[in-house]
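Asker: My structure file run_3.cif, mmCIF, C-alpha atoms, is below:
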```cif
data_work
loop_
_atom_site.label_atom_id
_atom_site.label_comp_id
_atom_site.auth_asym_id
_atom_site.auth_seq_id
_atom_site.Cartn_x
_atom_site.Cartn_y
_atom_site.Cartn_z
CA MET A 1 -4.01 -28.78 -13.87
CA ASP A 2 -4.58 -30.18 -10.39
CA ILE A 3 -4.37 -27.44 -7.72
CA GLU A 4 -2.44 -29.58 -5.24
CA LYS A 5 0.12 -30.38 -7.94
CA ILE A 6 0.59 -26.68 -8.73
CA ILE A 7 1.13 -25.94 -5.04
CA GLN A 8 3.76 -28.69 -4.79
CA GLU A 9 5.53 -27.25 -7.85
CA LEU A 10 5.54 -23.82 -6.20
CA CYS A 11 7.08 -25.42 -3.10
CA SER A 12 9.81 -27.02 -5.24
CA ALA A 13 10.55 -23.67 -6.88
CA SER A 14 10.79 -22.00 -3.46
CA ARG A 15 13.25 -24.66 -2.28
CA ARG A 16 15.28 -24.17 -5.48
CA ASP A 17 15.49 -20.38 -4.94
CA PHE A 18 15.98 -20.62 -1.18
CA ALA A 19 18.07 -17.61 -0.15
CA ASP A 20 20.20 -16.51 2.77
CA PRO A 21 19.00 -12.91 3.22
CA HIS A 22 22.40 -11.89 4.62
CA LEU A 23 24.30 -13.01 1.52
CA GLU A 24 21.99 -12.13 -1.35
CA VAL A 25 22.56 -8.37 -1.33
CA GLU A 26 25.89 -6.55 -1.31
CA TRP A 27 25.37 -3.29 0.52
CA PRO A 28 27.55 -0.37 -0.66
CA GLU A 29 28.55 2.25 1.93
CA ALA A 30 26.26 4.79 0.32
CA VAL A 31 23.94 5.32 -2.62
CA GLY A 32 25.42 8.15 -4.66
CA PRO A 33 23.46 11.29 -5.52
CA GLU A 34 24.31 10.68 -9.20
CA GLU A 35 22.36 7.41 -9.21
CA TRP A 36 18.71 6.71 -9.97
CA CYS A 37 16.95 4.58 -7.36
CA MET A 38 13.57 4.41 -9.15
CA SER A 39 12.95 4.28 -12.89
CA PRO A 40 12.01 7.88 -13.77
CA GLU A 41 9.04 6.75 -15.90
CA LEU A 42 7.51 5.02 -12.86
CA MET A 43 7.85 7.98 -10.53
CA SER A 44 4.79 9.90 -9.41
CA ALA A 45 5.96 13.22 -10.82
CA TRP A 46 7.06 11.87 -14.23
CA GLY A 47 5.66 13.84 -17.14
CA THR A 48 4.25 16.66 -14.98
CA PRO A 49 5.26 20.34 -14.89
CA LEU A 50 6.81 19.57 -11.49
CA TRP A 51 9.12 17.02 -13.13
CA ASP A 52 10.13 19.47 -15.83
CA SER A 53 10.92 22.09 -13.21
CA LEU A 54 13.54 19.85 -11.55
CA ASP A 55 17.06 19.50 -12.87
CA GLU A 56 18.50 15.97 -13.11
CA PRO A 57 20.29 15.97 -9.72
CA ARG A 58 16.99 16.95 -8.05
CA GLN A 59 15.07 14.34 -10.03
CA LYS A 60 17.58 11.77 -8.81
CA ARG A 61 17.23 12.99 -5.24
CA LEU A 62 13.47 12.58 -5.53
CA SER A 63 14.02 9.09 -6.99
CA PHE A 64 15.95 8.17 -3.85
CA PHE A 65 13.09 9.19 -1.55
CA GLU A 66 10.49 7.59 -3.85
CA ALA A 67 12.51 4.36 -3.56
CA VAL A 68 12.57 4.70 0.24
CA ASN A 69 8.80 5.21 0.13
CA PHE A 70 8.33 2.24 -2.23
CA PHE A 71 10.41 -0.04 -0.03
CA SER A 72 8.68 1.31 3.12
CA LEU A 73 5.23 0.61 1.78
CA ASN A 74 6.40 -2.89 0.87
CA ILE A 75 7.37 -3.39 4.52
CA GLN A 76 4.09 -1.89 5.75
CA GLY A 77 2.14 -4.12 3.34
CA GLU A 78 4.05 -7.27 4.22
CA LYS A 79 3.67 -6.92 7.99
CA PRO A 80 -0.12 -7.57 7.99
CA LEU A 81 0.42 -10.13 5.22
CA VAL A 82 2.76 -12.14 7.47
CA GLU A 83 0.30 -11.83 10.38
CA GLY A 84 -2.57 -12.99 8.19
CA LEU A 85 -0.63 -15.91 6.69
CA ALA A 86 0.47 -17.10 10.14
CA ARG A 87 -3.14 -17.03 11.34
CA ARG A 88 -4.17 -19.22 8.40
CA LEU A 89 -1.52 -21.91 8.96
CA TYR A 90 -2.89 -25.39 9.78
CA ARG A 91 -6.51 -24.46 9.51
CA ARG A 92 -8.89 -27.32 8.81
CA GLY A 93 -9.22 -28.06 5.09
CA GLY A 94 -6.04 -26.26 4.07
CA ALA A 95 -3.79 -29.33 3.92
CA GLY A 96 -2.04 -28.72 0.58
CA ALA A 97 -1.68 -24.98 1.08
CA ASN A 98 0.13 -25.31 4.43
CA ASP A 99 3.35 -26.50 2.82
CA TYR A 100 3.43 -23.42 0.65
CA LEU A 101 2.37 -21.02 3.42
CA HIS A 102 5.65 -21.85 5.20
CA HIS A 103 7.64 -20.75 2.13
CA PHE A 104 5.43 -17.69 1.68
CA LEU A 105 6.07 -16.60 5.29
CA ASP A 106 9.79 -17.28 5.05
CA GLU A 107 10.15 -15.31 1.83
CA GLU A 108 8.10 -12.34 3.04
CA ASN A 109 10.27 -12.12 6.14
CA LYS A 110 13.38 -11.95 3.95
CA HIS A 111 11.86 -9.29 1.72
CA MET A 112 11.23 -7.05 4.72
CA GLN A 113 14.89 -7.44 5.76
CA TRP A 114 16.06 -6.28 2.32
CA PHE A 115 13.64 -3.38 2.14
CA ALA A 116 14.45 -2.27 5.68
CA GLY A 117 18.18 -2.74 4.96
CA PHE A 118 17.98 -0.12 2.20
CA CYS A 119 15.72 2.33 4.07
CA ARG A 120 17.59 2.27 7.36
CA ARG A 121 21.12 2.25 5.89
CA TYR A 122 20.67 5.02 3.36
CA ALA A 123 17.75 7.12 4.64
CA GLY A 124 17.87 6.30 8.37
CA LYS A 125 14.10 5.83 8.36
CA ILE A 126 11.13 3.76 7.25
CA TYR A 127 8.02 5.75 6.35
CA PRO A 128 5.17 4.79 8.70
CA ASP A 129 1.96 3.06 7.74
CA LYS A 130 -1.04 5.41 7.60
CA LYS A 131 -3.62 2.65 7.48
CA MET A 132 -5.66 1.62 10.53
CA SER A 133 -8.05 -1.30 10.89
CA LEU A 134 -11.44 -1.13 12.47
CA PRO A 135 -13.21 -4.17 13.87
CA ARG A 136 -16.09 -5.30 11.67
CA THR A 137 -18.31 -8.32 11.11
CA TRP A 138 -17.85 -10.58 8.09
CA ALA A 139 -20.02 -13.14 6.30
CA GLU A 140 -18.70 -16.74 6.30
CA GLY A 141 -15.37 -16.78 4.42
CA GLU A 142 -15.61 -13.09 3.47
CA GLU A 143 -12.59 -12.08 5.54
CA ASP A 144 -10.43 -14.76 3.90
CA VAL A 145 -11.54 -13.70 0.43
CA CYS A 146 -10.81 -10.04 1.20
CA PHE A 147 -7.45 -10.92 2.77
CA PHE A 148 -6.20 -12.82 -0.30
CA ALA A 149 -7.71 -10.27 -2.71
CA LYS A 150 -5.90 -7.43 -0.88
CA VAL A 151 -2.67 -9.45 -0.90
CA MET A 152 -3.08 -9.89 -4.62
CA ILE A 153 -3.77 -6.20 -5.33
CA PHE A 154 -0.86 -5.05 -3.18
CA GLU A 155 1.59 -7.61 -4.60
CA GLU A 156 0.54 -7.20 -8.24
CA ILE A 157 1.21 -3.46 -8.00
CA VAL A 158 4.61 -3.82 -6.35
CA ASP A 159 5.55 -6.61 -8.73
CA ALA A 160 4.73 -4.43 -11.73
CA TYR A 161 7.34 -1.99 -10.39
CA ASN A 162 9.80 -4.76 -9.46
CA GLN A 163 9.70 -6.36 -12.90
CA ARG A 164 10.49 -3.10 -14.65
CA MET A 165 13.10 -1.86 -12.18
CA ALA A 166 14.92 -5.22 -11.96
CA LYS A 167 15.89 -4.71 -15.61
CA ASP A 168 16.64 -0.99 -15.48
CA THR A 169 20.41 -0.61 -15.76
CA ARG A 170 20.20 3.10 -14.90
CA LEU A 171 19.38 2.17 -11.29
CA ALA A 172 21.89 1.88 -8.44
CA GLY A 173 22.94 -1.79 -8.29
CA VAL A 174 21.56 -2.33 -4.80
CA ALA A 175 18.12 -0.96 -5.74
CA ARG A 176 18.01 -3.09 -8.88
CA ARG A 177 19.06 -6.19 -6.93
CA ILE A 178 16.32 -5.78 -4.29
CA ASN A 179 13.73 -5.36 -7.03
CA TYR A 180 15.02 -8.48 -8.77
CA LEU A 181 14.99 -10.62 -5.62
CA HIS A 182 11.50 -9.50 -4.71
CA HIS A 183 10.13 -10.21 -8.18
CA ARG A 184 11.72 -13.68 -8.20
CA ASP A 185 9.64 -14.72 -5.18
CA GLU A 186 6.56 -12.65 -5.96
CA ALA A 187 5.95 -14.47 -9.23
CA ARG A 188 5.25 -17.60 -7.13
CA HIS A 189 3.24 -15.74 -4.49
CA LEU A 190 1.02 -14.26 -7.18
CA ALA A 191 0.40 -17.66 -8.75
CA PHE A 192 -0.49 -19.11 -5.33
CA GLY A 193 -2.63 -16.09 -4.46
CA ARG A 194 -4.76 -16.43 -7.58
CA ILE A 195 -5.37 -20.15 -6.92
CA GLN A 196 -6.22 -19.55 -3.28
CA LEU A 197 -8.45 -16.55 -3.98
CA ARG A 198 -10.44 -18.32 -6.69
CA ARG A 199 -10.84 -21.40 -4.48
CA LEU A 200 -12.02 -19.42 -1.43
CA PHE A 201 -14.39 -17.23 -3.42
CA LYS A 202 -16.02 -20.21 -5.16
CA ALA A 203 -16.38 -22.07 -1.87
CA ASN A 204 -17.91 -19.18 0.10
CA ALA A 205 -19.62 -16.64 -2.16
CA PRO A 206 -22.66 -18.79 -3.07
CA SER A 207 -23.80 -18.81 0.57
CA TRP A 208 -23.24 -15.08 1.23
CA PRO A 209 -26.28 -12.97 2.11
CA ALA A 210 -27.58 -10.64 -0.61
CA GLY A 211 -25.37 -7.58 -1.09
CA THR A 212 -22.21 -9.15 0.38
CA GLN A 213 -20.46 -9.60 -2.96
CA GLU A 214 -21.24 -6.00 -3.93
CA GLY A 215 -19.85 -4.89 -0.55
CA VAL A 216 -16.65 -6.83 -1.25
CA GLN A 217 -16.37 -5.17 -4.65
CA ARG A 218 -16.69 -1.70 -3.10
CA TYR A 219 -14.24 -2.61 -0.34
CA LEU A 220 -11.59 -3.84 -2.80
CA ASP A 221 -12.07 -0.85 -5.07
CA ALA A 222 -11.49 1.49 -2.10
CA TYR A 223 -8.51 -0.62 -1.00
CA MET A 224 -6.86 -0.25 -4.40
CA ALA A 225 -7.33 3.53 -4.25
CA SER A 226 -5.78 3.61 -0.75
CA VAL A 227 -2.75 1.61 -1.94
CA TRP A 228 -2.14 4.08 -4.77
CA ARG A 229 -2.47 7.01 -2.36
CA GLU A 230 0.60 5.71 -0.52
CA TYR A 231 2.67 6.11 -3.68
CA VAL A 232 2.25 9.91 -3.41
CA ASN A 233 3.30 10.18 0.22
CA PRO A 234 3.78 13.89 1.08
CA GLU A 235 6.72 13.06 3.37
CA MET A 236 8.92 11.97 0.49
CA TYR A 237 8.36 15.27 -1.36
CA SER A 238 9.28 17.11 1.80
CA ASP A 239 12.40 14.95 2.38
CA ALA A 240 13.45 15.44 -1.24
CA GLY A 241 13.44 19.19 -0.60
CA LEU A 242 10.80 20.08 -3.18
CA GLU A 243 9.54 23.63 -2.95
CA GLY A 244 5.92 24.17 -1.93
CA ASP A 245 3.48 22.46 0.40
CA PRO A 246 4.17 18.69 0.22
CA PHE A 247 0.48 17.95 0.82
CA GLU A 248 -0.51 20.16 -2.12
CA ILE A 249 2.13 18.43 -4.29
CA SER A 250 0.75 15.03 -3.30
CA GLU A 251 -2.85 16.03 -4.04
CA ALA A 252 -1.94 17.57 -7.39
CA LEU A 253 0.01 14.48 -8.48
CA GLU A 254 -2.77 12.17 -7.37
CA LYS A 255 -5.13 13.97 -9.77
CA ASP A 256 -2.62 14.01 -12.65
CA ALA A 257 -4.03 12.26 -15.75
CA GLY A 258 -0.65 10.74 -16.66
CA TRP A 259 -0.22 9.24 -13.19
CA GLN A 260 -3.74 7.80 -13.30
CA GLU A 261 -3.04 6.29 -16.72
CA ARG A 262 0.14 4.65 -15.35
CA GLN A 263 -1.92 3.20 -12.48
CA ARG A 264 -4.39 1.70 -14.96
CA ASP A 265 -1.50 0.32 -17.01
CA LEU A 266 0.23 -1.26 -14.01
CA THR A 267 -2.95 -2.85 -12.60
CA ARG A 268 -4.62 -3.96 -15.85
CA GLY A 269 -3.90 -7.69 -15.39
CA CYS A 270 -4.95 -7.70 -11.75
CA VAL A 271 -8.14 -5.68 -12.38
CA ASN A 272 -9.13 -7.92 -15.29
CA PHE A 273 -8.68 -11.01 -13.12
CA LEU A 274 -10.71 -9.57 -10.23
CA ARG A 275 -13.49 -8.40 -12.57
CA ALA A 276 -13.65 -11.78 -14.34
CA GLU A 277 -13.98 -13.49 -10.95
CA GLY A 278 -16.69 -11.05 -9.77
CA LEU A 279 -14.50 -9.46 -7.09
CA LEU A 280 -14.50 -6.04 -8.73
CA ALA A 281 -17.42 -4.47 -10.55
CA GLY A 282 -17.19 -3.67 -14.26
CA GLY A 283 -16.05 -5.21 -17.52
CA PRO A 284 -12.47 -5.83 -18.73
CA ALA A 285 -10.09 -2.88 -18.21
CA CYS A 286 -9.05 -1.33 -21.56
CA MET B 1 -0.87 32.95 9.44
CA LEU B 2 -1.72 29.90 11.55
CA LYS B 3 -5.38 28.93 11.66
CA THR B 4 -7.25 28.64 14.94
CA ALA B 5 -8.58 25.27 16.16
CA ALA B 6 -12.12 26.42 15.33
CA GLU B 7 -11.10 27.24 11.75
CA LEU B 8 -9.37 23.86 11.40
CA ARG B 9 -12.51 22.10 12.68
CA GLY B 10 -14.50 24.02 10.05
CA ASP B 11 -12.06 22.97 7.32
CA LEU B 12 -12.30 19.36 8.47
CA LYS B 13 -16.11 19.41 8.43
CA GLU B 14 -16.05 20.91 4.94
CA TRP B 15 -13.75 18.11 3.77
CA LEU B 16 -15.98 15.44 5.36
CA LEU B 17 -19.00 16.91 3.56
CA LYS B 18 -17.09 16.83 0.28
CA LYS B 19 -16.29 13.13 0.87
CA ASN B 20 -19.98 12.42 1.62
CA PRO B 21 -21.89 14.24 -1.12
CA GLY B 22 -25.24 12.88 0.13
CA MET B 23 -24.87 14.70 3.47
CA LYS B 24 -25.84 18.22 4.46
CA PRO B 25 -24.07 20.41 7.08
CA GLY B 26 -26.90 19.79 9.58
CA ASP B 27 -26.59 15.98 9.33
CA PHE B 28 -23.66 15.85 11.76
CA ASP B 29 -21.83 18.07 14.22
CA GLU B 30 -18.48 18.13 15.99
CA LYS B 31 -19.57 15.45 18.48
CA THR B 32 -20.97 12.98 15.92
CA HIS B 33 -19.24 9.57 15.90
CA LEU B 34 -17.75 9.59 12.42
CA LEU B 35 -17.15 5.84 12.29
CA LYS B 36 -20.50 4.72 13.74
CA LYS B 37 -22.41 7.16 11.55
CA GLY B 38 -20.56 5.76 8.48
CA ILE B 39 -19.07 9.13 7.56
CA ILE B 40 -15.66 7.45 7.70
CA ASP B 41 -15.04 3.73 7.17
CA SER B 42 -12.01 1.50 7.58
CA LEU B 43 -10.41 2.38 4.26
CA ARG B 44 -11.32 6.07 4.36
CA LEU B 45 -9.66 6.35 7.76
CA MET B 46 -6.35 6.69 5.94
CA ASP B 47 -7.72 9.65 3.95
CA LEU B 48 -8.77 11.24 7.23
CA VAL B 49 -5.28 10.74 8.68
CA LEU B 50 -3.78 12.39 5.59
CA MET B 51 -6.26 15.29 5.82
CA VAL B 52 -5.45 15.87 9.51
CA GLU B 53 -1.75 15.82 8.62
CA LYS B 54 -2.41 18.40 5.93
CA LEU B 55 -4.35 20.64 8.32
CA CYS B 56 -1.62 20.33 10.95
CA GLY B 57 1.13 20.78 8.36
CA ARG B 58 3.14 17.86 9.69
CA PRO B 59 3.08 14.04 9.69
CA LEU B 60 1.34 12.35 12.63
CA ASP B 61 3.14 9.91 14.89
CA MET B 62 1.25 6.82 13.76
CA GLU B 63 2.80 4.43 16.28
CA ASN B 64 0.98 6.10 19.14
CA LEU B 65 -2.42 6.51 17.55
CA SER B 66 -5.55 4.39 17.76
CA PRO B 67 -8.72 4.74 15.66
CA ALA B 68 -10.49 6.13 18.78
CA VAL B 69 -8.60 9.42 18.30
CA PHE B 70 -10.51 9.89 15.02
CA GLU B 71 -13.92 9.25 16.56
CA SER B 72 -15.29 12.77 16.03
CA ILE B 73 -14.24 16.25 14.92
CA GLU B 74 -14.10 17.13 18.61
CA THR B 75 -11.67 14.29 19.54
CA ILE B 76 -9.48 15.09 16.54
CA SER B 77 -9.43 18.76 17.47
CA ARG B 78 -8.54 18.03 21.08
CA ARG B 79 -5.64 15.77 20.10
CA PHE B 80 -4.20 17.70 17.17
CA PHE B 81 -5.63 21.19 16.63
CA GLU B 82 -5.87 22.62 20.12
CA VAL B 83 -2.25 21.81 20.95
CA MET B 84 -1.22 23.93 17.96
CA SER B 85 -3.18 27.08 18.93
#
```
In structure tokens, how does this file's structure come out?
Answerer:
Amino acid sequence: MDIEKIIQELCSASRRDFADPHLEVEWPEAVGPEEWCMSPELMSAWGTPLWDSLDEPRQKRLSFFEAVNFFSLNIQGEKPLVEGLARRLYRRGGAGANDYLHHFLDEENKHMQWFAGFCRRYAGKIYPDKKMSLPRTWAEGEEDVCFFAKVMIFEEIVDAYNQRMAKDTRLAGVARRINYLHHRDEARHLAFGRIQLRRLFKANAPSWPAGTQEGVQRYLDAYMASVWREYVNPEMYSDAGLEGDPFEISEALEKDAGWQERQRDLTRGCVNFLRAEGLLAGGPAC
Amino acid sequence: MLKTAAELRGDLKEWLLKKNPGMKPGDFDEKTHLLKKGIIDSLRLMDLVLMVEKLCGRPLDMENLSPAVFESIETISRRFFEVMS
């Protein structure tokens, strides 16, 4: 199918789902301690001795802070995304994509309002971003390829959570609603991201100096690991009142085989795409 | 018991060596520029932040930090470890 036509269809879908961020979510006064805010099976401690040591009220309390962390890292991931998208607006040669970039920016801005609405209302805080950027030199088009590949990795992971939690009737209504709204828009962003990433990579990679593509593969592999590290943020274990050193808890969970298996499960589609395109090293993920 | 700044610098160096298996203790010292020497890169900087938080036993105030603070073991120690001792 023609790429420009797909982009125009994505624009039509964005206009159809156009939302007023102030009306789409009903905010209860509080989220009750008897409610789940994350699906237990998606939580970092699920299936570990730590999980078994917690009674249900404490598991639910941890689910609240894991949700605050999940929504916070969405905000922290979308801030540089918005900056990067704005920088790419009206660049030469991007005619068809510009129309969609406006929707992308608009929708990401709304997502941040919903995520921040939950974190600030119910937890009084947004967990800070631990990532820092260093200036570096790029080959022609390499920065664009890495930008859209990182967007894709970040969004595919959060969307895997959103899809599952949007349907989970155990969750507090407001948490389920935010997951649903985010997934509704992300499905389009992911489709656009794959088109844009493939197009940029094909246009630029053939002229890259030797070793650049391998450098990109290592960079994206390390990026994916850093994204997952944010899902075991020590601060949320501390806020949830878990006993023990929160840093030790985080490190132990990061090494847990069950958690690593869930990561592989949630990123399988994304990893297979990136490997098929030559943006990650290795064959298809099992 | 709280560790001294010198002990924390030692722990940090040990961790950096673990993250760079090809390096030996004599390959860098407390003044070595970790970023220029390639001991830490852009994406590993987050790991370093988390390690410093672990050594300090508290989260860092990220809004007021620049990568320059993490230039060397010495700059990290001055900013985070020595104020604890």
Asker: Grab the CA of Leu17 (chain B) to CA of Ser250 (chain A) distance for me, in Å with one decimal place.
Answerer: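 Spanning CA of Leu17 (chain B) to CA of Ser250 (chain A) is a straight-line distance of 21.0 Å.
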Asker: Could you tell me how far CA of Phe247 (chain A) sits from CA of Gly57 (chain B), in Å to one decimal place?
Answerer: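 Atom-to-atom, CA of Gly57 (chain B) and CA of Phe247 (chain A) are spaced 8.1 Å apart.
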Asker: Using the chain letters and numbering of this document, enumerate as number ranges by chain the residues selected by the PyMOL selection byres ((chain A) within 6 of (chain B)).
Answerer: A: 130-131, 133-134, 247
Asker: Just so the selection is clear, what residues does the PyMOL selection byres ((chain A and resi 268) around 12) cover here, as a list in words?
Answerer: Ile153, Glu156, Ile157, Ala160, Glu261, Arg262, Gln263, Arg264, Asp265, Leu266, Thr267, Gly269, Cys270, Val271, Asn272, Phe273, Leu274, Arg275, Gly283, Pro284, Ala285 and Cys286 of chain A
Asker: Please, could you write that set of residues out with C-alpha atoms as a compact mmCIF listing (two decimals), in the frame of the given file?
Answerer:
```
# COMPACT_ATOMS: atom_id res chain seq x y z
CA ILE A 153 -3.77 -6.20 -5.33
CA GLU A 156 0.54 -7.20 -8.24
CA ILE A 157 1.21 -3.46 -8.00
CA ALA A 160 4.73 -4.43 -11.73
CA GLU A 261 -3.04 6.29 -16.72
CA ARG A 262 0.14 4.65 -15.35
CA GLN A 263 -1.92 3.20 -12.48
CA ARG A 264 -4.39 1.70 -14.96
CA ASP A 265 -1.50 0.32 -17.01
CA LEU A 266 0.23 -1.26 -14.01
CA THR A 267 -2.95 -2.85 -12.60
CA GLY A 269 -3.90 -7.69 -15.39
CA CYS A 270 -4.95 -7.70 -11.75
CA VAL A 271 -8.14 -5.68 -12.38
CA ASN A 272 -9.13 -7.92 -15.29
CA PHE A 273 -8.68 -11.01 -13.12
CA LEU A 274 -10.71 -9.57 -10.23
CA ARG A 275 -13.49 -8.40 -12.57
CA GLY A 283 -16.05 -5.21 -17.52
CA PRO A 284 -12.47 -5.83 -18.73
CA ALA A 285 -10.09 -2.88 -18.21
CA CYS A 286 -9.05 -1.33 -21.56
```
Asker: For the file shown, report as a VMD selection string the outcome of the PyMOL selection byres ((chain A and resi 68) around 8) at residue level.
Answerer: chain A and resid 64 to 67 69 to 72 118 to 119 123 126 to 127
Asker: Go ahead and dump the residues you just picked, C-alpha atoms, as a PDB file, in the frame of the given file.
Answerer:
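Dumped everything to again00.pdb:
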```
ATOM      1  CA  PHE A  64      15.950   8.170  -3.850  1.00  0.00           C
ATOM      2  CA  PHE A  65      13.090   9.190  -1.550  1.00  0.00           C
ATOM      3  CA  GLU A  66      10.490   7.590  -3.850  1.00  0.00           C
ATOM      4  CA  ALA A  67      12.510   4.360  -3.560  1.00  0.00           C
ATOM      5  CA  ASN A  69       8.800   5.210   0.130  1.00  0.00           C
ATOM      6  CA  PHE A  70       8.330   2.240  -2.230  1.00  0.00           C
ATOM      7  CA  PHE A  71      10.410  -0.040  -0.030  1.00  0.00           C
ATOM      8  CA  SER A  72       8.680   1.310   3.120  1.00  0.00           C
ATOM      9  CA  PHE A 118      17.980  -0.120   2.200  1.00  0.00           C
ATOM     10  CA  CYS A 119      15.720   2.330   4.070  1.00  0.00           C
ATOM     11  CA  ALA A 123      17.750   7.120   4.640  1.00  0.00           C
ATOM     12  CA  ILE A 126      11.130   3.760   7.250  1.00  0.00           C
ATOM     13  CA  TYR A 127       8.020   5.750   6.350  1.00  0.00           C
TER      14      TYR A 127
END
```
Asker: Applying 12 Å and all atoms listed in the file, which residues near Asp106 (chain A) remain after dropping the ones on its own chain fewer than 6 positions away? List them as a list in words.
Answerer: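 Counting only the stated atoms, we get Cys11, Ser14, Arg15, Asp17, Phe18, Ala19, Asp20, Pro21, Glu78, Leu81, Val82, Leu85, Ala86, Asp99, Tyr100, Met112, Gln113, Asp185 and His189 of chain A.
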Asker: Go ahead and write the selection's residues with C-alpha atoms as a PDB file, keeping the file's coordinate frame.
Answerer:
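Result file follows (result.pdb):
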```
ATOM      1  CA  CYS A  11       7.080 -25.420  -3.100  1.00  0.00           C
ATOM      2  CA  SER A  14      10.790 -22.000  -3.460  1.00  0.00           C
ATOM      3  CA  ARG A  15      13.250 -24.660  -2.280  1.00  0.00           C
ATOM      4  CA  ASP A  17      15.490 -20.380  -4.940  1.00  0.00           C
ATOM      5  CA  PHE A  18      15.980 -20.620  -1.180  1.00  0.00           C
ATOM      6  CA  ALA A  19      18.070 -17.610  -0.150  1.00  0.00           C
ATOM      7  CA  ASP A  20      20.200 -16.510   2.770  1.00  0.00           C
ATOM      8  CA  PRO A  21      19.000 -12.910   3.220  1.00  0.00           C
ATOM      9  CA  GLU A  78       4.050  -7.270   4.220  1.00  0.00           C
ATOM     10  CA  LEU A  81       0.420 -10.130   5.220  1.00  0.00           C
ATOM     11  CA  VAL A  82       2.760 -12.140   7.470  1.00  0.00           C
ATOM     12  CA  LEU A  85      -0.630 -15.910   6.690  1.00  0.00           C
ATOM     13  CA  ALA A  86       0.470 -17.100  10.140  1.00  0.00           C
ATOM     14  CA  ASP A  99       3.350 -26.500   2.820  1.00  0.00           C
ATOM     15  CA  TYR A 100       3.430 -23.420   0.650  1.00  0.00           C
ATOM     16  CA  MET A 112      11.230  -7.050   4.720  1.00  0.00           C
ATOM     17  CA  GLN A 113      14.890  -7.440   5.760  1.00  0.00           C
ATOM     18  CA  ASP A 185       9.640 -14.720  -5.180  1.00  0.00           C
ATOM     19  CA  HIS A 189       3.240 -15.740  -4.490  1.00  0.00           C
TER      20      HIS A 189
END
```
Asker: Of the candidates A:Phe115, A:Pro209, A:Glu83, A:Ala257, which shows the shortest atom-to-atom distance to Trp46 (chain A), using only C-alpha atoms?
Answerer: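 Counting only C-alpha atoms, the residue closest to Trp46 (chain A) is A:Ala257.
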Asker: Between CA of Trp36 (chain A) and CA of Ala172 (chain A), what is the distance in Å, rounded to a tenth?
Answerer: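 Between CA of Trp36 (chain A) and CA of Ala172 (chain A) the gap is 6.0 Å.
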